[in-house]
Amino acid sequence: MPVPVLFTIPNFITAGSGRAMMNIIERLDRDRFAPAVCVLRKGGSLDAEAERVATRFLEAPFTLEARPLASLAYRAWKAAQPFRRYRFALWHSFHYLDDYTEPLIARMAGARAWIYTKKNMGWRRSWYVRSLLARRVAAQNTDIMTRFLDRPALRGRGRLIPPSVDASQYSPEVPSRLQMRRKLAIGEDQVVVACVAQLVPVKGHPTLIRAAARHPGLHLWLAGSPLDQEYTRSLEALIRELNLQKRVHLLGGVADVPALLAEADVFALPTWAKWRIEGCPIALLEAMACAKACVATDVPGSRDVIVNGANGLLAQPGDVDSLAHALGLLASSQELRRSLGAAARRRVLENYTLDREVRQYEDLYSEIIS
């Protein structure tokens with residue numbers, strides 16, 4: 001009989017983590033596992049898909065305010081009651097916050113084990129408590145394993161399971177159906193650097209803009225929703241200050257990322273090290289799967305994916321000189337772009353495919369349940 005597994009996530013309204021979770025659910029062996037989904041609030045873009053592929057799609061509070069601590073146990077018991085009827089043997093949380101009330105609710109609902117996927121580099125006491133209450137923690141990069149989970153009380157709980165991409169959807173065979181170069185009057189002989197990242201400070205766009213300014217003729221596409229309006233205005237001001245209006249293009253959110261990458265020559269991800277919140281950047285893996293020559297900053301997650309000089313280039317975070325040098329190497333050599341791009345796709349096919357990720361999770365579930 002398949003093991004009933006409950007996947008939890010706050011919502012599918014911001015669907016990045018939700019898409020990653022659904023990729024796993026869709027591919028689970030149904031002879032072994034029966035996946036259900038619970039969100040705190042419905043109304044997201046993946047709701048219909050969750051209704052279709054999951055055994056159940058629930059909307060219910062699976063977390064609580066921790067305080068007052070004196071009443072937490074009772075409140076967790078009450079919150080657990082709606083889940084008890086489903087007899088979920090395992091809970092897998094994709095909640096991105098450091099909440100530690102969910103594992104209490106899971107246990108009181110009758111789950112044999114609760115696990116979570118650690119997707120960012122945040123860490124404070126509540127993360128430690130969350131990890132203590134987890135049977136296993138699926139870490140998305142090696143820094144999480146060594147910096148946070150290699151402690152006496154947590155040692156042995158971590159499993160390195162990096163995220164993955166659909167290498168058939170993200171492929172060098174994708175046609176340039178957006179015709180972005182034609183719309184922006186950019187010649188085929190001009191080098192285009194693409195950056196796919198939400199417009200928020202952690203992504204480090206100013207460093208990339210300043211680095212691009214040092215290479216006349218190079219075009220920069222910044223694709224990402226302006227989630228921080230003040231930050232977006234500061235980027236627009238910097239572009240005007242450097243007189244780059246004709247070379248740096250703010251594209252907003254782009255739905256068809258594979259088609260955008262099809263027209264780019266280089267992909268750049270200039271994450272700012274001070275924040276260090278990248279778990280393992282999906283956008284970088286997507287570009288690598290499309291056989292793009294990539295340059296990223298040397299931060300957790302990115303340094304797991306890119307072997308400097310072998311399948312991409314690493315620059316020092318926040319360092320305009322370092323990033324400009326890497327861009328210059330790639331802009332000046334089509335052969336280097338071609339060889340690094342081919343190696344990047346091989347890296348994805350060998351280590352970051354959806355099938356590989358799903359098998360790792362299935363092995364983890366079986367290990368826990370058995």
# chains A, B, ... in the order shown; residues from 1 in each chain; ligands from 1
>>> select_by_dssp(residues="segment 10-162 of chain A", states="alpha helix (DSSP H)", output="PDB file with N, CA and C atoms, in the first residue's frame")
ATOM      1  N   GLY A  16       7.788  29.895  -7.040  1.00  0.00           N
ATOM      2  CA  GLY A  16       9.108  29.333  -7.283  1.00  0.00           C
ATOM      3  C   GLY A  16       9.330  28.027  -6.550  1.00  0.00           C
ATOM      4  N   SER A  17       9.202  28.060  -5.221  1.00  0.00           N
ATOM      5  CA  SER A  17       9.353  26.837  -4.433  1.00  0.00           C
ATOM      6  C   SER A  17       8.221  25.869  -4.721  1.00  0.00           C
ATOM      7  N   GLY A  18       7.038  26.413  -4.999  1.00  0.00           N
ATOM      8  CA  GLY A  18       5.909  25.555  -5.324  1.00  0.00           C
ATOM      9  C   GLY A  18       6.139  24.743  -6.578  1.00  0.00           C
ATOM     10  N   ARG A  19       6.749  25.357  -7.589  1.00  0.00           N
ATOM     11  CA  ARG A  19       7.055  24.634  -8.815  1.00  0.00           C
ATOM     12  C   ARG A  19       8.036  23.499  -8.531  1.00  0.00           C
ATOM     13  N   ALA A  20       9.050  23.782  -7.730  1.00  0.00           N
ATOM     14  CA  ALA A  20      10.024  22.744  -7.383  1.00  0.00           C
ATOM     15  C   ALA A  20       9.353  21.600  -6.639  1.00  0.00           C
ATOM     16  N   MET A  21       8.443  21.927  -5.730  1.00  0.00           N
ATOM     17  CA  MET A  21       7.739  20.894  -4.987  1.00  0.00           C
ATOM     18  C   MET A  21       6.842  20.066  -5.897  1.00  0.00           C
ATOM     19  N   MET A  22       6.120  20.731  -6.793  1.00  0.00           N
ATOM     20  CA  MET A  22       5.228  20.019  -7.702  1.00  0.00           C
ATOM     21  C   MET A  22       6.006  19.123  -8.657  1.00  0.00           C
ATOM     22  N   ASN A  23       7.205  19.532  -9.047  1.00  0.00           N
ATOM     23  CA  ASN A  23       8.029  18.678  -9.917  1.00  0.00           C
ATOM     24  C   ASN A  23       8.305  17.333  -9.251  1.00  0.00           C
ATOM     25  N   ILE A  24       8.499  17.365  -7.934  1.00  0.00           N
ATOM     26  CA  ILE A  24       8.741  16.123  -7.197  1.00  0.00           C
ATOM     27  C   ILE A  24       7.466  15.300  -7.110  1.00  0.00           C
ATOM     28  N   ILE A  25       6.376  15.951  -6.727  1.00  0.00           N
ATOM     29  CA  ILE A  25       5.109  15.241  -6.542  1.00  0.00           C
ATOM     30  C   ILE A  25       4.678  14.549  -7.822  1.00  0.00           C
ATOM     31  N   GLU A  26       4.807  15.239  -8.956  1.00  0.00           N
ATOM     32  CA  GLU A  26       4.366  14.686 -10.237  1.00  0.00           C
ATOM     33  C   GLU A  26       5.110  13.409 -10.608  1.00  0.00           C
ATOM     34  N   ARG A  27       6.351  13.271 -10.135  1.00  0.00           N
ATOM     35  CA  ARG A  27       7.198  12.165 -10.576  1.00  0.00           C
ATOM     36  C   ARG A  27       7.356  11.069  -9.536  1.00  0.00           C
ATOM     37  N   ASP A  47      -2.605  25.875  -8.130  1.00  0.00           N
ATOM     38  CA  ASP A  47      -3.689  25.203  -7.405  1.00  0.00           C
ATOM     39  C   ASP A  47      -4.341  24.109  -8.245  1.00  0.00           C
ATOM     40  N   ALA A  48      -4.650  24.424  -9.500  1.00  0.00           N
ATOM     41  CA  ALA A  48      -5.326  23.445 -10.358  1.00  0.00           C
ATOM     42  C   ALA A  48      -4.449  22.214 -10.577  1.00  0.00           C
ATOM     43  N   GLU A  49      -3.165  22.442 -10.711  1.00  0.00           N
ATOM     44  CA  GLU A  49      -2.244  21.321 -10.896  1.00  0.00           C
ATOM     45  C   GLU A  49      -2.184  20.462  -9.643  1.00  0.00           C
ATOM     46  N   ALA A  50      -2.187  21.107  -8.475  1.00  0.00           N
ATOM     47  CA  ALA A  50      -2.176  20.352  -7.220  1.00  0.00           C
ATOM     48  C   ALA A  50      -3.446  19.533  -7.073  1.00  0.00           C
ATOM     49  N   GLU A  51      -4.569  20.103  -7.456  1.00  0.00           N
ATOM     50  CA  GLU A  51      -5.841  19.358  -7.421  1.00  0.00           C
ATOM     51  C   GLU A  51      -5.767  18.125  -8.311  1.00  0.00           C
ATOM     52  N   ARG A  52      -5.067  18.243  -9.426  1.00  0.00           N
ATOM     53  CA  ARG A  52      -5.027  17.160 -10.409  1.00  0.00           C
ATOM     54  C   ARG A  52      -4.074  16.038 -10.009  1.00  0.00           C
ATOM     55  N   VAL A  53      -2.894  16.370  -9.496  1.00  0.00           N
ATOM     56  CA  VAL A  53      -1.870  15.343  -9.309  1.00  0.00           C
ATOM     57  C   VAL A  53      -1.793  14.800  -7.882  1.00  0.00           C
ATOM     58  N   LEU A  72       1.339  26.411  23.759  1.00  0.00           N
ATOM     59  CA  LEU A  72       1.694  25.920  22.423  1.00  0.00           C
ATOM     60  C   LEU A  72       1.274  24.468  22.226  1.00  0.00           C
ATOM     61  N   ALA A  73       1.531  23.615  23.202  1.00  0.00           N
ATOM     62  CA  ALA A  73       1.209  22.202  23.044  1.00  0.00           C
ATOM     63  C   ALA A  73      -0.286  22.003  22.804  1.00  0.00           C
ATOM     64  N   TYR A  74      -1.109  22.703  23.570  1.00  0.00           N
ATOM     65  CA  TYR A  74      -2.559  22.564  23.405  1.00  0.00           C
ATOM     66  C   TYR A  74      -2.996  23.098  22.048  1.00  0.00           C
ATOM     67  N   ARG A  75      -2.467  24.246  21.659  1.00  0.00           N
ATOM     68  CA  ARG A  75      -2.850  24.832  20.378  1.00  0.00           C
ATOM     69  C   ARG A  75      -2.390  23.958  19.210  1.00  0.00           C
ATOM     70  N   ALA A  76      -1.212  23.342  19.338  1.00  0.00           N
ATOM     71  CA  ALA A  76      -0.731  22.433  18.296  1.00  0.00           C
ATOM     72  C   ALA A  76      -1.627  21.199  18.208  1.00  0.00           C
ATOM     73  N   TRP A  77      -2.070  20.695  19.363  1.00  0.00           N
ATOM     74  CA  TRP A  77      -2.969  19.543  19.366  1.00  0.00           C
ATOM     75  C   TRP A  77      -4.278  19.865  18.652  1.00  0.00           C
ATOM     76  N   LYS A  78      -4.817  21.052  18.900  1.00  0.00           N
ATOM     77  CA  LYS A  78      -6.058  21.442  18.233  1.00  0.00           C
ATOM     78  C   LYS A  78      -5.847  21.576  16.728  1.00  0.00           C
ATOM     79  N   ALA A  79      -4.735  22.182  16.333  1.00  0.00           N
ATOM     80  CA  ALA A  79      -4.449  22.362  14.901  1.00  0.00           C
ATOM     81  C   ALA A  79      -4.242  21.023  14.208  1.00  0.00           C
ATOM     82  N   ALA A  80      -3.808  20.013  14.959  1.00  0.00           N
ATOM     83  CA  ALA A  80      -3.530  18.701  14.361  1.00  0.00           C
ATOM     84  C   ALA A  80      -4.787  17.903  14.061  1.00  0.00           C
ATOM     85  N   GLN A  81      -5.892  18.211  14.712  1.00  0.00           N
ATOM     86  CA  GLN A  81      -7.082  17.368  14.608  1.00  0.00           C
ATOM     87  C   GLN A  81      -7.608  17.203  13.182  1.00  0.00           C
ATOM     88  N   PRO A  82      -7.678  18.270  12.355  1.00  0.00           N
ATOM     89  CA  PRO A  82      -8.188  18.074  10.990  1.00  0.00           C
ATOM     90  C   PRO A  82      -7.329  17.148  10.133  1.00  0.00           C
ATOM     91  N   PHE A  83      -6.065  16.965  10.512  1.00  0.00           N
ATOM     92  CA  PHE A  83      -5.170  16.121   9.719  1.00  0.00           C
ATOM     93  C   PHE A  83      -5.224  14.649  10.121  1.00  0.00           C
ATOM     94  N   ARG A  84      -5.707  14.364  11.324  1.00  0.00           N
ATOM     95  CA  ARG A  84      -5.612  13.002  11.849  1.00  0.00           C
ATOM     96  C   ARG A  84      -6.369  11.994  10.981  1.00  0.00           C
ATOM     97  N   GLU A 102       5.288  23.531  13.081  1.00  0.00           N
ATOM     98  CA  GLU A 102       4.763  22.525  12.154  1.00  0.00           C
ATOM     99  C   GLU A 102       5.129  21.098  12.562  1.00  0.00           C
ATOM    100  N   PRO A 103       6.383  20.826  12.940  1.00  0.00           N
ATOM    101  CA  PRO A 103       6.689  19.443  13.347  1.00  0.00           C
ATOM    102  C   PRO A 103       5.895  18.989  14.569  1.00  0.00           C
ATOM    103  N   LEU A 104       5.535  19.925  15.457  1.00  0.00           N
ATOM    104  CA  LEU A 104       4.708  19.555  16.602  1.00  0.00           C
ATOM    105  C   LEU A 104       3.315  19.144  16.140  1.00  0.00           C
ATOM    106  N   ILE A 105       2.742  19.920  15.221  1.00  0.00           N
ATOM    107  CA  ILE A 105       1.419  19.599  14.688  1.00  0.00           C
ATOM    108  C   ILE A 105       1.460  18.268  13.955  1.00  0.00           C
ATOM    109  N   ALA A 106       2.526  18.048  13.188  1.00  0.00           N
ATOM    110  CA  ALA A 106       2.647  16.799  12.431  1.00  0.00           C
ATOM    111  C   ALA A 106       2.666  15.590  13.365  1.00  0.00           C
ATOM    112  N   ARG A 107       3.449  15.675  14.432  1.00  0.00           N
ATOM    113  CA  ARG A 107       3.530  14.554  15.360  1.00  0.00           C
ATOM    114  C   ARG A 107       2.173  14.299  16.024  1.00  0.00           C
ATOM    115  N   MET A 108       1.487  15.382  16.417  1.00  0.00           N
ATOM    116  CA  MET A 108       0.191  15.220  17.081  1.00  0.00           C
ATOM    117  C   MET A 108      -0.894  14.771  16.106  1.00  0.00           C
ATOM    118  N   ARG A 125      18.610  30.649  16.195  1.00  0.00           N
ATOM    119  CA  ARG A 125      18.217  29.618  17.158  1.00  0.00           C
ATOM    120  C   ARG A 125      16.971  28.855  16.716  1.00  0.00           C
ATOM    121  N   SER A 126      15.992  29.557  16.138  1.00  0.00           N
ATOM    122  CA  SER A 126      14.759  28.879  15.737  1.00  0.00           C
ATOM    123  C   SER A 126      15.012  27.883  14.616  1.00  0.00           C
ATOM    124  N   TRP A 127      16.007  28.129  13.734  1.00  0.00           N
ATOM    125  CA  TRP A 127      16.367  27.134  12.721  1.00  0.00           C
ATOM    126  C   TRP A 127      16.936  25.888  13.389  1.00  0.00           C
ATOM    127  N   TYR A 128      17.695  26.117  14.453  1.00  0.00           N
ATOM    128  CA  TYR A 128      18.275  24.985  15.178  1.00  0.00           C
ATOM    129  C   TYR A 128      17.170  24.125  15.787  1.00  0.00           C
ATOM    130  N   VAL A 129      16.171  24.780  16.388  1.00  0.00           N
ATOM    131  CA  VAL A 129      15.051  24.043  16.976  1.00  0.00           C
ATOM    132  C   VAL A 129      14.284  23.305  15.893  1.00  0.00           C
ATOM    133  N   ARG A 130      14.035  23.977  14.779  1.00  0.00           N
ATOM    134  CA  ARG A 130      13.326  23.346  13.652  1.00  0.00           C
ATOM    135  C   ARG A 130      14.057  22.079  13.204  1.00  0.00           C
ATOM    136  N   SER A 131      15.383  22.159  13.147  1.00  0.00           N
ATOM    137  CA  SER A 131      16.182  21.022  12.697  1.00  0.00           C
ATOM    138  C   SER A 131      16.216  19.910  13.737  1.00  0.00           C
ATOM    139  N   LEU A 132      16.221  20.273  15.018  1.00  0.00           N
ATOM    140  CA  LEU A 132      16.179  19.261  16.074  1.00  0.00           C
ATOM    141  C   LEU A 132      14.891  18.448  16.013  1.00  0.00           C
ATOM    142  N   THR A 142      26.230  22.285  -0.100  1.00  0.00           N
ATOM    143  CA  THR A 142      27.195  21.716   0.847  1.00  0.00           C
ATOM    144  C   THR A 142      27.481  22.659   2.007  1.00  0.00           C
ATOM    145  N   ASP A 143      27.329  23.981   1.805  1.00  0.00           N
ATOM    146  CA  ASP A 143      27.553  24.922   2.906  1.00  0.00           C
ATOM    147  C   ASP A 143      26.533  24.699   4.023  1.00  0.00           C
ATOM    148  N   ILE A 144      25.291  24.401   3.667  1.00  0.00           N
ATOM    149  CA  ILE A 144      24.281  24.105   4.685  1.00  0.00           C
ATOM    150  C   ILE A 144      24.702  22.879   5.486  1.00  0.00           C
ATOM    151  N   MET A 145      25.212  21.870   4.791  1.00  0.00           N
ATOM    152  CA  MET A 145      25.637  20.644   5.472  1.00  0.00           C
ATOM    153  C   MET A 145      26.778  20.909   6.454  1.00  0.00           C
ATOM    154  N   THR A 146      27.775  21.675   6.038  1.00  0.00           N
ATOM    155  CA  THR A 146      28.961  21.848   6.862  1.00  0.00           C
ATOM    156  C   THR A 146      28.809  22.950   7.906  1.00  0.00           C
ATOM    157  N   ARG A 147      28.116  24.033   7.562  1.00  0.00           N
ATOM    158  CA  ARG A 147      28.028  25.181   8.475  1.00  0.00           C
ATOM    159  C   ARG A 147      26.925  25.029   9.506  1.00  0.00           C
TER     160      ARG A 147
END
>>> residues_around(residues="Tyr86 of chain A", least_positions_apart="5", cutoff="12 Å", atoms="only C-alpha atoms", output="ChimeraX atom specification")
/A:3-6,34-38,55-58,80-81,91,106,109-111
>>> residues_around(residues="Ala344 of chain A", least_positions_apart="2", cutoff="10 Å", atoms="only C-alpha atoms", output="PDB file with C-alpha atoms, in the first residue's frame")
ATOM      1  CA  LEU A 284      21.720  29.332 -12.826  1.00  0.00           C
ATOM      2  CA  LEU A 285      20.919  25.647 -13.381  1.00  0.00           C
ATOM      3  CA  ALA A 287      20.921  28.642 -17.944  1.00  0.00           C
ATOM      4  CA  MET A 288      23.489  25.859 -17.676  1.00  0.00           C
ATOM      5  CA  ALA A 289      20.931  23.361 -18.991  1.00  0.00           C
ATOM      6  CA  CYS A 290      20.507  25.673 -21.996  1.00  0.00           C
ATOM      7  CA  ALA A 291      24.273  25.378 -22.593  1.00  0.00           C
ATOM      8  CA  LYS A 292      24.965  29.008 -21.771  1.00  0.00           C
ATOM      9  CA  ALA A 293      28.351  30.191 -20.619  1.00  0.00           C
ATOM     10  CA  CYS A 294      27.707  31.307 -17.044  1.00  0.00           C
ATOM     11  CA  VAL A 305      27.288  24.123  -9.332  1.00  0.00           C
ATOM     12  CA  ILE A 306      30.139  25.896 -11.111  1.00  0.00           C
ATOM     13  CA  VAL A 307      33.661  24.534 -11.206  1.00  0.00           C
ATOM     14  CA  ALA A 310      35.719  24.120 -16.236  1.00  0.00           C
ATOM     15  CA  ASN A 311      31.995  24.681 -16.714  1.00  0.00           C
ATOM     16  CA  GLY A 312      31.655  28.375 -15.954  1.00  0.00           C
ATOM     17  CA  ARG A 338      30.803  27.461 -26.562  1.00  0.00           C
ATOM     18  CA  SER A 339      33.080  25.142 -24.575  1.00  0.00           C
ATOM     19  CA  LEU A 340      31.922  26.367 -21.135  1.00  0.00           C
ATOM     20  CA  GLY A 341      28.291  26.162 -22.238  1.00  0.00           C
ATOM     21  CA  ALA A 342      28.646  22.567 -23.405  1.00  0.00           C
ATOM     22  CA  ARG A 346      26.850  18.102 -19.149  1.00  0.00           C
ATOM     23  CA  ARG A 347      27.123  19.119 -15.486  1.00  0.00           C
ATOM     24  CA  VAL A 348      23.337  19.490 -15.267  1.00  0.00           C
ATOM     25  CA  LEU A 349      22.613  16.218 -17.052  1.00  0.00           C
TER      26      LEU A 349
END
